[in-house]
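Working notes, beginning with the structure itself.
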2 protein chains.
Amino acid sequence: MQLSQLGEFGLIQKISRLSSLSKKVALGIGDDTAAVVGPDKGKYLLLTCDGVIENIHFFSGTPAYKIGWKAMARNLSDIAAMGGKPLYALVAASLPPSMTEKKALDIHRGLSAAAKRYGVAVIGGDTSRSRHGIHLTVTVVGEVDRTRMITRSGAHEGHVVCVTGSLGASILGKHLCFEPRVKEAQFLAKRFRPTSMMDLSDGLASDLQRLAEQSRVGFEIWADKIPISAGLRKQRFKKKQEIAHAFQDGEDYELLFTISPVVFSKLQKAWKKQFRLSLTQIGVVRPRNFGIRVLANNLSSKPMALPKVRNDHFFGKAV
Amino acid sequence: MQLSQLGEFGLIQKISRLSSLSKKVALGIGDDTAAVVGPDKGKYLLLTCDGVIENIHFFSGTPAYKIGWKAMARNLSDIAAMGGKPLYALVAASLPPSMTEKKALDIHRGLSAAAKRYGVAVIGGDTSRSRHGIHLTVTVVGEVDRTRMITRSGAHEGHVVCVTGSLGASILGKHLCFEPRVKEAQFLAKRFRPTSMMDLSDGLASDLQRLAEQSRVGFEIWADKIPISAGLRKQRFKKKQEIAHAFQDGEDYELLFTISPVVFSKLQKAWKKQFRLSLTQIGVVRPRNFGIRVLANNLSSKPMALPKVRNDHFFGKAV
């Protein structure tokens, strides 16, 4: 079977079955960071490793600074989504020999700017020649208090489903210059303890599915509450198309989390004082057999039909 | 300026100047592992991140298992060279959609086999599509007792210069199936404290230069003592050619270290009891202004002329 048929998740699943996890590893494949390890008594070490590749994650004409920013910010977003604090980054850069020095250093500036903004030290890495296009792989090491870590497996029936910010701006370029929600995630983890959390990287539809699987729950999502980005609004799509974009485009890098309704009302007040970024309830956690249903609003009972969800982000897609 | 003119070390130097290291980082760019960080009291965390790329680090026809082995083993070798114990690995794999599932899993088997052999847990990573060839980036996290860490900066004048194993087999395929010297390095670090150590990745000539720079010393190397691999011997090159191969081919992944002469004589006895692998004195540490001279033997005084050393491993070379 070719990888294009097997798909990314198929491959990861096969590899997971082949792997036997060490006892030193507190949590393996399947959450935001690649792994959680516990060398320290009170803390877990979080490790994440994500790449960006020319003509897969960005087009060739993309400004070099933005390529670097994205490569770093994706990983910071993963650490954030566990409630963690990013600490160190390693960068493996594979660059074409014909690239100008200026461009290579601009990539570095983008990487560094994102790292610096979130208090992360870029501590090294590897540079090599590439035969075709730019490949950047960034590894970020973070830490989280053992009692504050937020996984994807704790969503409870009846809890509120929330997202930060607005969705659907990634096709308009947000995927290259987004702010990873590090501060917001730490605020949530420290003071309000969401029951589950993840960052929206593959798109709300696909990411809800994974949250549902890992928490063994269903979701009722209200279409009229999905926060649509201003940029996407300006495109003047029909409402249903807007929602399909917000659901499926991916790379929003906002936080998706669940939280008890009681805590949520306190959170809303504290959030407004702290952040200008919006915080929106988009639905409720339902039992597993409910599945994932998108309703027009919280009074509706009939699921909306949205165009079929693309369930594999990488092996099938052009950019 | 293009990267092909600037070279890998040129680029790293420029990047180093742009970077400001955090106080949390005990040792930055320029040693075997990308970085040494100190979250724990008695230990340092070692982080390393190295990639292998199709048609740069291996030819397209290379068996998938060996590609995986090499990608993992390179990083284990870096942790070993600091005297550290490798613990966890993350793998970022970028694979062509046309690759068969079998081949992808064979890569994984190679990665896992090398990891397992040295007690390392592969704890996750990232998989994405590649447009051209295989790119694997492996990050390894290890640890080392703070008092046992061996850097590249401690070589002393008058000390013995040693290598493990034999050199020059990389062109005959050793670079794809070498054993990283994890056990040997830990044995050395724990019991004999070499004053400096590194793994031979870019070739003895280039690696001696870097050791000399970081330790601010010179080296007198005895050509007749360079351990030539049996495979290279079978090629029936002239002696000078053999030595040039051993000096320049790179990717031997043996340990190069310096140690006091008194400790060395004790080490030799203990080593023979412990390992079948050879251990060879190849010269002595000299003062900085001596430079690096290759002499025919330890009685000679005239430096040998060897073909010019290739000083950039990646941006200039085909494979």
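Chain labels follow the order of the structure tokens: the first chain is A, the next B, and so on; residue numbering restarts at 1 in every chain, and ligands are counted from 1 in their shown order.
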Report the residues of region 135-240 of chain A whose backbone DSSP state falls under strand (DSSP E or B), written as a ChimeraX atom specification. /A:135-145,160-164,167,196-199,218-222,228
Put those residues in a file: C-alpha atoms, as a PDB file, in the first residue's frame.
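Saved file out-v3.pdb follows:
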```
ATOM      1  CA  HIS A 135      12.728  21.734   5.130  1.00  0.00           C
ATOM      2  CA  LEU A 136      12.685  23.034   8.687  1.00  0.00           C
ATOM      3  CA  THR A 137      12.133  20.781  11.673  1.00  0.00           C
ATOM      4  CA  VAL A 138      11.799  22.428  15.038  1.00  0.00           C
ATOM      5  CA  THR A 139      11.912  20.553  18.325  1.00  0.00           C
ATOM      6  CA  VAL A 140      10.650  22.356  21.403  1.00  0.00           C
ATOM      7  CA  VAL A 141      11.176  21.246  24.981  1.00  0.00           C
ATOM      8  CA  GLY A 142       8.776  22.615  27.547  1.00  0.00           C
ATOM      9  CA  GLU A 143       7.639  21.832  31.036  1.00  0.00           C
ATOM     10  CA  VAL A 144       4.393  21.661  32.919  1.00  0.00           C
ATOM     11  CA  ASP A 145       3.449  21.112  36.558  1.00  0.00           C
ATOM     12  CA  VAL A 160     -18.821  23.708  27.723  1.00  0.00           C
ATOM     13  CA  VAL A 161     -16.868  23.529  24.433  1.00  0.00           C
ATOM     14  CA  CYS A 162     -14.810  26.692  23.821  1.00  0.00           C
ATOM     15  CA  VAL A 163     -12.473  28.184  21.277  1.00  0.00           C
ATOM     16  CA  THR A 164     -10.194  31.196  21.550  1.00  0.00           C
ATOM     17  CA  LEU A 167     -11.492  30.609  12.802  1.00  0.00           C
ATOM     18  CA  SER A 196      -9.374  18.823  27.959  1.00  0.00           C
ATOM     19  CA  MET A 197      -7.520  21.057  25.534  1.00  0.00           C
ATOM     20  CA  MET A 198      -5.808  20.981  22.145  1.00  0.00           C
ATOM     21  CA  ASP A 199      -4.690  23.442  19.512  1.00  0.00           C
ATOM     22  CA  GLY A 218     -19.612  13.296  21.517  1.00  0.00           C
ATOM     23  CA  PHE A 219     -20.031  16.975  20.688  1.00  0.00           C
ATOM     24  CA  GLU A 220     -22.970  19.221  19.873  1.00  0.00           C
ATOM     25  CA  ILE A 221     -21.624  22.242  18.003  1.00  0.00           C
ATOM     26  CA  TRP A 222     -23.665  25.377  17.239  1.00  0.00           C
ATOM     27  CA  ILE A 228     -15.621  33.568  11.931  1.00  0.00           C
TER      28      ILE A 228
END
```
Report as a PyMOL selection string all protein, DNA and RNA residues lying within 6 Å of Gly110 (chain A), evaluated on only C-alpha atoms, omitting residues in the same chain fewer than 3 positions from it. chain A and resi 65-66+68-69+107+113
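Take the candidates A:Val91, A:Ala121, A:Ala205, A:Ile226 and check each one against Ser166 (chain A) using only C-alpha atoms; the shortest distance goes to A:Ile226.
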What is the CA of Ala114 (chain B)-CA of Gln274 (chain B) distance in Å, reported with one decimal? 21.3 Å
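Across A:Met1, A:Asp126, A:Ile134, A:Ile56, the tightest approach to Leu105 (chain B) is made by A:Met1 when counting only C-alpha atoms.
Here the question is which of A:Ala71, A:Leu47, A:Ala305, A:Leu256 gets nearest to chain B using only C-alpha atoms, and that residue is A:Leu47.
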Which of region 85-167 of chain B fall in helix (DSSP H, G or I), as a PyMOL selection string: chain B and resi 101-117
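Interatomic distance, CA of Thr151 (chain A) to CA of Glu213 (chain A): 12.5 Å.
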Could you tell me which of A:Ala73, A:Gly133, A:Gly84, A:Glu184 comes closest to chain B if we count only C-alpha atoms? A:Gly133
Counting only C-alpha atoms, what is within 10 Å of Ala169 (chain B), bar same-chain residues fewer than 3 positions away, as a VMD selection string? chain B and resid 166 172 to 175 178 228 to 233 245 to 246 249 to 252
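Of the listed residues (A:Leu176, A:Leu188, A:Ile150, A:Ala296), A:Leu188 comes nearest to Ala270 (chain A); the distances count only C-alpha atoms.
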